[in-house]
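coords.txt follows (compact mmCIF, C-alpha atoms):
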```
# COMPACT_ATOMS: atom_id res chain seq x y z
CA MET A 10 0.00 0.00 0.00
CA ALA A 11 2.41 2.62 -1.28
CA GLY A 12 1.93 5.99 0.35
CA ARG A 13 -0.45 4.81 3.05
CA PRO A 14 0.23 6.36 6.48
CA ASP A 15 1.35 3.99 9.21
CA THR A 16 -1.95 4.07 11.05
CA PRO A 17 -4.19 1.19 12.16
CA GLY A 18 -7.40 2.93 11.11
CA LEU A 19 -9.28 2.60 7.82
CA ILE A 20 -7.93 5.66 6.06
CA ASP A 21 -8.19 6.26 2.32
CA LYS A 22 -6.13 8.31 -0.12
CA TYR A 23 -8.39 11.33 0.39
CA GLY A 24 -7.92 11.49 4.14
CA ARG A 25 -11.30 10.04 5.05
CA VAL A 26 -11.35 7.53 7.91
CA ALA A 27 -14.06 4.86 8.05
CA THR A 28 -15.47 4.41 11.54
CA ASP A 29 -19.01 3.34 10.59
CA LEU A 30 -19.54 -0.27 9.50
CA ARG A 31 -22.68 -1.44 7.69
CA VAL A 32 -23.18 -5.20 8.12
CA SER A 33 -25.62 -7.15 5.98
CA LEU A 34 -26.86 -10.14 8.00
CA THR A 35 -28.81 -11.73 5.16
CA ASP A 36 -29.85 -10.98 1.59
CA ARG A 37 -33.34 -12.40 2.21
CA CYS A 38 -36.38 -10.17 2.59
CA ASN A 39 -40.09 -10.69 3.26
CA LEU A 40 -41.16 -7.71 1.13
CA ARG A 41 -40.81 -7.17 -2.61
CA CYS A 42 -40.48 -3.40 -2.88
CA GLN A 43 -40.75 -2.43 -6.53
CA TYR A 44 -37.68 -0.15 -6.42
CA CYS A 45 -35.56 -2.97 -4.94
CA MET A 46 -36.44 -6.34 -6.45
CA PRO A 47 -38.85 -8.05 -8.86
CA ALA A 48 -42.20 -9.42 -7.71
CA GLU A 49 -40.94 -13.00 -7.85
CA GLY A 50 -37.97 -12.17 -5.62
CA LEU A 51 -34.35 -13.12 -6.19
CA ASP A 52 -32.14 -16.18 -5.91
CA TRP A 53 -30.93 -16.02 -2.31
CA LEU A 54 -27.36 -16.75 -1.32
CA PRO A 55 -26.76 -20.39 -0.32
CA SER A 56 -26.71 -20.80 3.46
CA ALA A 57 -23.17 -22.17 3.32
CA ASP A 58 -21.97 -18.88 1.83
CA ILE A 59 -23.30 -16.75 4.68
CA LEU A 60 -20.86 -15.91 7.46
CA THR A 61 -21.65 -17.86 10.61
CA ASP A 62 -22.18 -16.00 13.87
CA GLU A 63 -18.68 -17.04 14.96
CA GLU A 64 -17.11 -15.77 11.73
CA LEU A 65 -19.06 -12.54 11.82
CA LEU A 66 -18.19 -11.85 15.46
CA ARG A 67 -14.53 -12.46 14.73
CA VAL A 68 -14.62 -9.91 11.92
CA LEU A 69 -16.44 -7.40 14.10
CA ARG A 70 -13.99 -7.93 16.94
CA ILE A 71 -11.12 -7.11 14.57
CA ALA A 72 -13.05 -4.08 13.31
CA VAL A 73 -13.57 -2.47 16.72
CA ARG A 74 -10.35 -3.62 18.38
CA ASP A 75 -7.87 -3.05 15.58
CA LEU A 76 -9.45 -0.82 12.93
CA GLY A 77 -11.21 1.94 14.82
CA ILE A 78 -14.82 1.05 14.04
CA THR A 79 -17.09 2.81 16.53
CA ASP A 80 -20.53 2.35 14.93
CA ILE A 81 -22.10 -0.81 13.54
CA ARG A 82 -25.40 -0.84 11.66
CA LEU A 83 -27.09 -4.19 11.04
CA THR A 84 -28.90 -4.37 7.71
CA GLY A 85 -30.16 -6.92 5.19
CA GLY A 86 -32.05 -7.87 3.16
CA GLU A 87 -34.16 -7.91 6.28
CA PRO A 88 -32.01 -8.39 9.41
CA LEU A 89 -34.93 -9.65 11.51
CA LEU A 90 -34.82 -12.81 9.36
CA ARG A 91 -31.41 -13.72 10.81
CA ARG A 92 -31.82 -16.49 13.38
CA GLY A 93 -30.64 -15.69 16.86
CA LEU A 94 -30.48 -11.96 16.16
CA GLU A 95 -30.94 -10.96 19.81
CA ASP A 96 -28.02 -13.15 20.89
CA LEU A 97 -25.90 -11.74 18.09
CA VAL A 98 -26.69 -8.17 19.16
CA ALA A 99 -25.72 -9.03 22.75
CA GLU A 100 -22.39 -10.44 21.55
CA ILE A 101 -21.69 -7.35 19.44
CA THR A 102 -22.44 -4.95 22.28
CA ALA A 103 -20.13 -6.98 24.52
CA LEU A 104 -17.17 -6.17 22.25
CA ARG A 105 -14.57 -3.78 23.61
CA PRO A 106 -14.36 -0.92 23.00
CA ARG A 107 -18.14 -1.12 22.91
CA PRO A 108 -19.51 -0.01 19.52
CA ARG A 109 -22.79 1.83 19.08
CA VAL A 110 -25.17 -0.62 17.41
CA ALA A 111 -28.11 0.31 15.21
CA MET A 112 -30.34 -1.61 12.83
CA THR A 113 -32.28 -0.83 9.65
CA THR A 114 -35.40 -2.97 9.20
CA ASN A 115 -38.70 -3.06 7.35
CA GLY A 116 -40.37 -3.46 10.74
CA ILE A 117 -42.21 -6.72 10.07
CA GLY A 118 -41.87 -8.82 13.20
CA LEU A 119 -40.38 -5.95 15.16
CA ALA A 120 -43.38 -5.58 17.45
CA LYS A 121 -42.62 -8.90 19.17
CA ARG A 122 -38.87 -8.37 19.34
CA ALA A 123 -38.18 -4.70 19.98
CA ALA A 124 -38.00 -5.09 23.76
CA ARG A 125 -35.65 -8.08 23.51
CA LEU A 126 -33.41 -6.27 21.04
CA ALA A 127 -33.24 -3.24 23.34
CA ALA A 128 -32.40 -5.52 26.28
CA ALA A 129 -29.64 -7.08 24.19
CA GLY A 130 -28.09 -3.65 23.77
CA LEU A 131 -29.41 -2.33 20.46
CA ASP A 132 -29.10 1.45 20.61
CA ARG A 133 -31.11 2.78 17.68
CA ILE A 134 -33.38 1.63 14.90
CA ASN A 135 -34.44 2.83 11.46
CA VAL A 136 -37.65 1.51 9.94
CA SER A 137 -38.27 1.69 6.20
CA LEU A 138 -41.76 3.04 5.50
CA ASP A 139 -42.74 4.83 2.29
CA THR A 140 -46.42 5.44 2.99
CA ILE A 141 -49.08 5.16 5.68
CA ASP A 142 -51.77 4.40 3.11
CA ARG A 143 -52.56 0.69 3.06
CA GLN A 144 -53.24 0.38 -0.66
CA THR A 145 -50.15 2.34 -1.59
CA PHE A 146 -48.11 0.16 0.76
CA VAL A 147 -49.39 -2.93 -1.03
CA GLU A 148 -48.58 -1.37 -4.40
CA ILE A 149 -45.01 -0.56 -3.40
CA THR A 150 -44.12 -3.64 -1.34
CA ARG A 151 -46.45 -6.19 -2.98
CA ARG A 152 -47.44 -7.32 0.52
CA ASP A 153 -50.34 -6.30 2.79
CA ARG A 154 -48.24 -5.75 5.92
CA LEU A 155 -48.59 -2.07 6.79
CA HIS A 156 -50.22 -2.79 10.16
CA HIS A 157 -47.22 -4.92 11.16
CA VAL A 158 -44.83 -2.09 10.37
CA LEU A 159 -46.86 0.44 12.35
CA GLU A 160 -46.98 -1.97 15.31
CA GLY A 161 -43.22 -2.37 15.05
CA LEU A 162 -42.67 1.38 15.14
CA ARG A 163 -44.77 1.71 18.29
CA ALA A 164 -42.96 -1.18 19.96
CA ALA A 165 -39.55 0.26 19.13
CA GLN A 166 -40.45 3.56 20.70
CA GLU A 167 -41.90 1.88 23.79
CA ALA A 168 -38.72 -0.19 24.12
CA GLY A 169 -36.66 2.98 24.29
CA LEU A 170 -34.98 2.70 20.90
CA ARG A 171 -35.22 6.46 20.51
CA PRO A 172 -35.12 8.37 18.34
CA VAL A 173 -36.97 5.95 16.08
CA LYS A 174 -36.11 6.93 12.53
CA VAL A 175 -38.22 6.34 9.44
CA ASN A 176 -36.62 5.96 6.01
CA ALA A 177 -38.83 6.78 3.01
CA VAL A 178 -38.39 6.71 -0.75
CA LEU A 179 -40.78 8.69 -2.94
CA LEU A 180 -41.85 7.23 -6.28
CA ARG A 181 -43.25 9.52 -8.93
CA GLY A 182 -46.99 9.03 -9.36
CA VAL A 183 -47.14 6.43 -6.60
CA ASN A 184 -46.57 8.02 -3.20
CA ASP A 185 -45.06 11.44 -3.87
CA HIS A 186 -48.42 13.08 -3.14
CA GLN A 187 -48.36 11.44 0.31
CA ALA A 188 -45.08 12.98 1.48
CA CYS A 189 -46.76 15.58 3.65
CA SER A 190 -49.10 13.09 5.30
CA LEU A 191 -46.14 10.83 6.08
CA LEU A 192 -44.24 13.72 7.65
CA ARG A 193 -47.27 14.77 9.66
CA PHE A 194 -47.69 11.19 10.91
CA CYS A 195 -44.04 11.03 12.00
CA LEU A 196 -44.18 14.40 13.74
CA GLU A 197 -47.31 13.37 15.65
CA HIS A 198 -45.69 10.14 16.84
CA GLY A 199 -42.22 11.48 17.54
CA TYR A 200 -40.50 9.58 14.75
CA HIS A 201 -37.63 11.18 12.83
CA LEU A 202 -38.39 11.03 9.10
CA ARG A 203 -35.68 10.84 6.43
CA PHE A 204 -36.57 11.00 2.74
CA ILE A 205 -33.99 9.28 0.51
CA GLU A 206 -33.50 9.88 -3.19
CA GLN A 207 -34.06 6.67 -5.13
CA MET A 208 -30.66 5.26 -6.06
CA PRO A 209 -29.56 2.97 -8.92
CA LEU A 210 -29.41 -0.17 -6.78
CA ASP A 211 -32.45 -2.11 -7.97
CA ALA A 212 -32.02 -5.73 -9.02
CA GLN A 213 -33.84 -5.07 -12.29
CA HIS A 214 -31.43 -2.25 -13.29
CA GLN A 215 -34.44 -0.16 -14.33
CA TRP A 216 -33.53 2.99 -12.38
CA ASN A 217 -34.32 6.05 -14.45
CA ARG A 218 -32.86 9.41 -13.47
CA ALA A 219 -35.76 11.24 -15.09
CA GLU A 220 -38.24 9.37 -12.89
CA MET A 221 -36.31 9.92 -9.67
CA ILE A 222 -37.77 12.53 -7.33
CA THR A 223 -34.91 14.82 -6.38
CA ALA A 224 -34.16 16.35 -3.01
CA ASP A 225 -35.21 19.76 -4.31
CA GLU A 226 -38.54 18.33 -5.43
CA ILE A 227 -39.04 16.65 -2.05
CA LEU A 228 -38.47 19.94 -0.26
CA ALA A 229 -40.82 21.75 -2.64
CA ILE A 230 -43.56 19.20 -1.94
CA LEU A 231 -43.10 19.53 1.83
CA ARG A 232 -43.14 23.32 1.64
CA THR A 233 -46.67 23.24 0.26
CA GLU A 234 -47.82 22.43 3.80
CA PHE A 235 -44.87 23.14 6.12
CA THR A 236 -42.30 25.84 6.76
CA LEU A 237 -38.77 24.44 6.57
CA GLU A 238 -35.64 26.07 7.97
CA PRO A 239 -32.12 24.58 7.95
CA SER A 240 -31.32 22.81 11.22
CA PRO A 241 -28.55 24.48 13.24
CA ALA A 242 -27.25 21.04 14.24
CA GLU A 243 -23.82 20.09 12.92
CA ARG A 244 -24.17 17.64 10.03
CA GLY A 245 -20.73 16.08 10.22
CA SER A 246 -20.60 12.83 8.24
CA ALA A 247 -24.37 12.26 8.49
CA PRO A 248 -25.97 11.66 5.09
CA ALA A 249 -29.14 13.65 5.81
CA GLU A 250 -29.51 17.39 5.42
CA ARG A 251 -31.86 18.29 8.26
CA TRP A 252 -34.64 20.85 8.35
CA LEU A 253 -36.66 22.24 11.24
CA VAL A 254 -40.38 21.92 10.55
CA ASP A 255 -42.61 24.90 11.39
CA GLY A 256 -39.93 26.32 13.66
CA GLY A 257 -39.14 23.03 15.40
CA PRO A 258 -38.47 21.09 17.48
CA GLY A 259 -39.73 18.59 14.92
CA GLU A 260 -37.51 18.08 11.92
CA VAL A 261 -37.18 16.18 8.67
CA GLY A 262 -34.11 14.97 6.83
CA VAL A 263 -33.42 14.62 3.12
CA ILE A 264 -30.67 12.32 1.84
CA ALA A 265 -29.65 13.53 -1.61
CA SER A 266 -27.30 10.70 -2.53
CA VAL A 267 -27.67 11.35 -6.26
CA THR A 268 -28.11 15.09 -6.76
CA LYS A 269 -25.98 16.34 -3.84
CA PRO A 270 -23.45 13.61 -3.04
CA PHE A 271 -21.75 13.72 0.35
CA CYS A 272 -18.90 11.40 -0.62
CA GLN A 273 -16.25 13.82 0.62
CA ALA A 274 -17.46 13.29 4.19
CA CYS A 275 -18.14 9.55 3.93
CA ASN A 276 -16.95 7.50 6.91
CA ARG A 277 -18.53 4.15 5.96
CA THR A 278 -17.32 0.69 5.10
CA ARG A 279 -19.51 -2.30 4.29
CA LEU A 280 -19.58 -6.05 4.84
CA THR A 281 -21.98 -8.27 2.88
CA ALA A 282 -23.69 -11.30 4.34
CA ASP A 283 -21.31 -13.62 2.48
CA GLY A 284 -18.23 -11.88 3.83
CA SER A 285 -17.26 -9.43 1.10
CA LEU A 286 -15.92 -5.98 1.91
CA ARG A 287 -17.08 -2.95 -0.04
CA SER A 288 -15.50 0.48 0.29
CA CYS A 289 -18.57 2.19 -1.18
CA LEU A 290 -22.24 1.36 -1.64
CA PHE A 291 -21.62 1.63 -5.39
CA SER A 292 -18.36 -0.31 -5.53
CA THR A 293 -17.85 -2.62 -8.47
CA ASP A 294 -15.00 -4.37 -6.63
CA GLU A 295 -15.17 -6.42 -3.44
CA THR A 296 -12.63 -8.01 -1.10
CA ASP A 297 -13.35 -11.60 -0.09
CA LEU A 298 -12.88 -11.91 3.68
CA ARG A 299 -14.71 -15.23 3.90
CA THR A 300 -11.94 -17.09 2.10
CA ILE A 301 -9.34 -15.54 4.42
CA LEU A 302 -11.38 -16.63 7.43
CA ARG A 303 -12.01 -20.16 6.20
CA SER A 304 -8.47 -20.79 4.95
CA GLY A 305 -6.84 -20.17 8.31
CA GLY A 306 -5.93 -16.50 7.86
CA SER A 307 -4.89 -14.54 10.92
CA ASP A 308 -6.63 -11.53 12.42
CA GLU A 309 -3.84 -9.40 10.97
CA ASP A 310 -4.52 -10.87 7.52
CA VAL A 311 -8.14 -9.77 7.83
CA ALA A 312 -7.18 -6.33 9.13
CA ASN A 313 -4.62 -5.74 6.37
CA ALA A 314 -7.06 -6.80 3.66
CA TRP A 315 -9.56 -4.33 5.09
CA ARG A 316 -7.01 -1.53 5.24
CA ALA A 317 -6.03 -2.17 1.62
CA THR A 318 -9.68 -2.13 0.54
CA MET A 319 -10.34 1.25 2.10
CA TRP A 320 -7.04 2.73 0.91
CA ALA A 321 -8.16 1.94 -2.65
CA LYS A 322 -11.50 3.72 -2.22
CA GLY A 323 -12.34 6.20 -4.95
CA PRO A 324 -13.17 9.87 -4.38
CA GLY A 325 -16.89 9.36 -4.95
CA HIS A 326 -19.61 7.10 -6.32
CA GLU A 327 -19.57 8.72 -9.80
CA ILE A 328 -23.35 8.36 -10.31
CA ASN A 329 -23.25 11.65 -12.15
CA SER A 330 -20.37 10.75 -14.45
CA ALA A 331 -20.72 9.34 -17.96
CA GLY A 332 -18.79 6.19 -17.05
CA PHE A 333 -20.94 5.20 -14.06
CA ALA A 334 -21.71 1.48 -13.87
CA GLN A 335 -24.39 0.20 -11.54
CA PRO A 336 -23.13 -2.50 -9.14
CA LEU A 337 -24.08 -6.04 -10.09
CA ARG A 338 -25.40 -6.68 -6.61
CA PRO A 339 -28.69 -4.98 -5.70
CA MET A 340 -29.25 -3.10 -2.45
CA SER A 341 -30.83 -6.19 -0.86
CA ALA A 342 -27.53 -8.06 -1.20
CA ILE A 343 -25.25 -5.16 -0.30
CA GLY A 344 -26.96 -3.79 2.79
CA GLY A 345 -28.08 -0.23 3.45
```
Here is a file; write its structure as structure tokens.
Amino acid sequence: MAGRPDTPGLIDKYGRVATDLRVSLTDRCNLRCQYCMPAEGLDWLPSADILTDEELLRVLRIAVRDLGITDIRLTGGEPLLRRGLEDLVAEITALRPRPRVAMTTNGIGLAKRAARLAAAGLDRINVSLDTIDRQTFVEITRRDRLHHVLEGLRAAQEAGLRPVKVNAVLLRGVNDHQACSLLRFCLEHGYHLRFIEQMPLDAQHQWNRAEMITADEILAILRTEFTLEPSPAERGSAPAERWLVDGGPGEVGVIASVTKPFCQACNRTRLTADGSLRSCLFSTDETDLRTILRSGGSDEDVANAWRATMWAKGPGHEINSAGFAQPLRPMSAIGG
């Protein structure tokens, strides 16, 4: 790694240091959101390819002990489909130094497990929810499960997983006219809403820039019913630009991954369910940690492979460049 500083952390050539690890626990999901996967679903990874709990915990131990990872977010697919999730969370929060642990979920099944996850040490939770209209939910997800998601949100809040965050994607002609009602719902219930620009990570590779609702359009829609002022809070490496709603204290965030990239402040690194490292959500290259683990590699072998992966990270995702190539893996297999 010519030119790399002699530092244990996950630094790249542009001076960014990754301290936030996104971990996909499974590529499986119990919804079929139209902007993510086809109605018939996908071919799931073979079980033998998925990192075992022991392998995953070893990797995470190396990450927090040797590489400076301070935040771990559990994603999928749908992470609640991972067997023994509560035990896994307890093992992760027992690592030293203790990382902050969050999870992104679709909320199905959360109502029965939120209290146990909180007891295991889960710190925060994000729930994906694009609409509070039942028929629109069915149209987007191809499943009639809205009531389960709403129950999960309530349970998460009651379990103390605050602030409960809601992630929403607007689709033109489908739920864009419901943005204000979704924000009003979240404000009334104390949830923190984040709208996310639709990104080119669908399995069908049918993302169309012209159909994407931009951050500016999202703000314009919200301003038809609310007054928005920039939040005085420091953004740091957070992906969301935050706005106070009607003077606060309620707020809304907008993540403009496509039109206003925040790559220069990125502090993330990613691990797929089958043990591949990705330096960027849109990486076309991966580093195979699973083979290192299963062939007798040392902890230092894992750490050095990780350092090399992040050192090779590009300056940005290049969505807006002519040579951009969508990753072969969809979001469901990469993790959020």
Which range 197-313 of chain A residues have any atom within 10 Å of an atom of range 132-136 of chain A, and for each, what is the nearest pair of atoms with distance in Å to one decimal, counting only C-alpha atoms, rows sorted by chain and number, as a Markdown table?
```
| residue | atom | partner | partner_atom | distance |
| --- | --- | --- | --- | --- |
| A:Tyr200 | CA | A:Asn135 | CA | 9.6 |
| A:His201 | CA | A:Asn135 | CA | 9.0 |
| A:Leu202 | CA | A:Asn135 | CA | 9.4 |
| A:Arg203 | CA | A:Asn135 | CA | 9.5 |
```
Inset, instruction - Could you please determine the separation between CA of Tyr44 in chain A and CA of Thr278 in chain A in Å, to one decimal place? - result: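 Here the two named atoms are 23.4 Å from each other.
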Legend entry - Distance of CA of Ala274 in chain A from CA of Val254 in chain A, expressed in Å to one decimal place: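 Between CA of Val254 in chain A and CA of Ala274 in chain A the gap is 25.3 Å.
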Return as JSON the box centre and box size in Å, one decimal, for an axis-aligned box around all listed atoms of range 52-69 of chain A padded by 3 Å per side.
```
{"center_x": -23.3, "center_y": -14.8, "center_z": 4.8, "size_x": 23.6, "size_y": 20.8, "size_z": 27.4}
```
Inset, instruction - Give me, please, the distance in Å between CA of Ala57 in chain A and CA of Asn115 in chain A, quoted to one decimal. - result: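 CA of Asn115 in chain A lies 25.0 Å from CA of Ala57 in chain A.
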Inset, instruction - Rank nothing, just name the residue among A:His198, A:Pro248, A:Thr16, A:Pro108 nearest to Pro270 in chain A, using only C-alpha atoms. - result: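 Using only C-alpha atoms, Pro270 in chain A sits closest to A:Pro248.
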Legend entry - Answer as JSON, numbers by chain, residues within 12 Å of (-44.2, -0.3, 21.1) using only C-alpha atoms: {"A": [116, 118, 119, 120, 121, 122, 123, 124, 125, 127, 157, 158, 159, 160, 161, 162, 163, 164, 165, 166, 167, 168, 169, 170, 171, 173, 198]}
Legend entry - Residue nearest Leu196 in chain A among A:Asp52, A:Asp139, A:Glu260, A:Asp75 (counting all atoms listed in the file): A:Glu260
Legend entry - Counting only C-alpha atoms, the option among A:Arg251, A:Lys322, A:Arg193, A:Lys269 closest to Thr223 in chain A: A:Lys269
Legend entry - Polymer residues at most 9 Å from Tyr23 in chain A, all atoms listed in the file, same-chain spacing of 4 or more positions, as an NGL selection string: :A and (273 or 320 or 322-324)
Legend entry - Selection as a ChimeraX atom specification: residues within 12 Å of (-23.8, -13.5, 24.0), counting all atoms listed in the file: /A:62-63,66,93-104,128-130
Take the residues that were just selected and, keeping C-alpha atoms, output them as a short mmCIF file (atom, residue, chain, number, x, y, z; two decimals), keeping the file's coordinate frame.
```
data_model
loop_
_atom_site.label_atom_id
_atom_site.label_comp_id
_atom_site.auth_asym_id
_atom_site.auth_seq_id
_atom_site.Cartn_x
_atom_site.Cartn_y
_atom_site.Cartn_z
CA ASP A 62 -22.18 -16.00 13.87
CA GLU A 63 -18.68 -17.04 14.96
CA LEU A 66 -18.19 -11.85 15.46
CA GLY A 93 -30.64 -15.69 16.86
CA LEU A 94 -30.48 -11.96 16.16
CA GLU A 95 -30.94 -10.96 19.81
CA ASP A 96 -28.02 -13.15 20.89
CA LEU A 97 -25.90 -11.74 18.09
CA VAL A 98 -26.69 -8.17 19.16
CA ALA A 99 -25.72 -9.03 22.75
CA GLU A 100 -22.39 -10.44 21.55
CA ILE A 101 -21.69 -7.35 19.44
CA THR A 102 -22.44 -4.95 22.28
CA ALA A 103 -20.13 -6.98 24.52
CA LEU A 104 -17.17 -6.17 22.25
CA ALA A 128 -32.40 -5.52 26.28
CA ALA A 129 -29.64 -7.08 24.19
CA GLY A 130 -28.09 -3.65 23.77
#
```
Legend entry - Pick from A:Ala321, A:Cys45, A:Cys38, A:Val73 nearest to Ala11 in chain A, counting only C-alpha atoms: A:Ala321
Legend entry - Of the listed residues A:Ile205, A:Leu138, A:Leu231, A:Leu155, that which approaches Thr268 in chain A most closely, counting all atoms listed in the file: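 For Thr268 in chain A, the nearest of the given residues is A:Ile205.
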Legend entry - Polymer residues at most 10 Å from Cys189 in chain A, all atoms listed in the file, same-chain spacing of 3 or more positions, as a VMD selection string: chain A and resid 185 to 186 192 to 195 227 230 to 235
Legend entry - Among listed residues A:Leu19, A:Met112, A:Val267, A:Ile343, nearest Ala219 in chain A (using only C-alpha atoms):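 Nearest to Ala219 in chain A: A:Val267.
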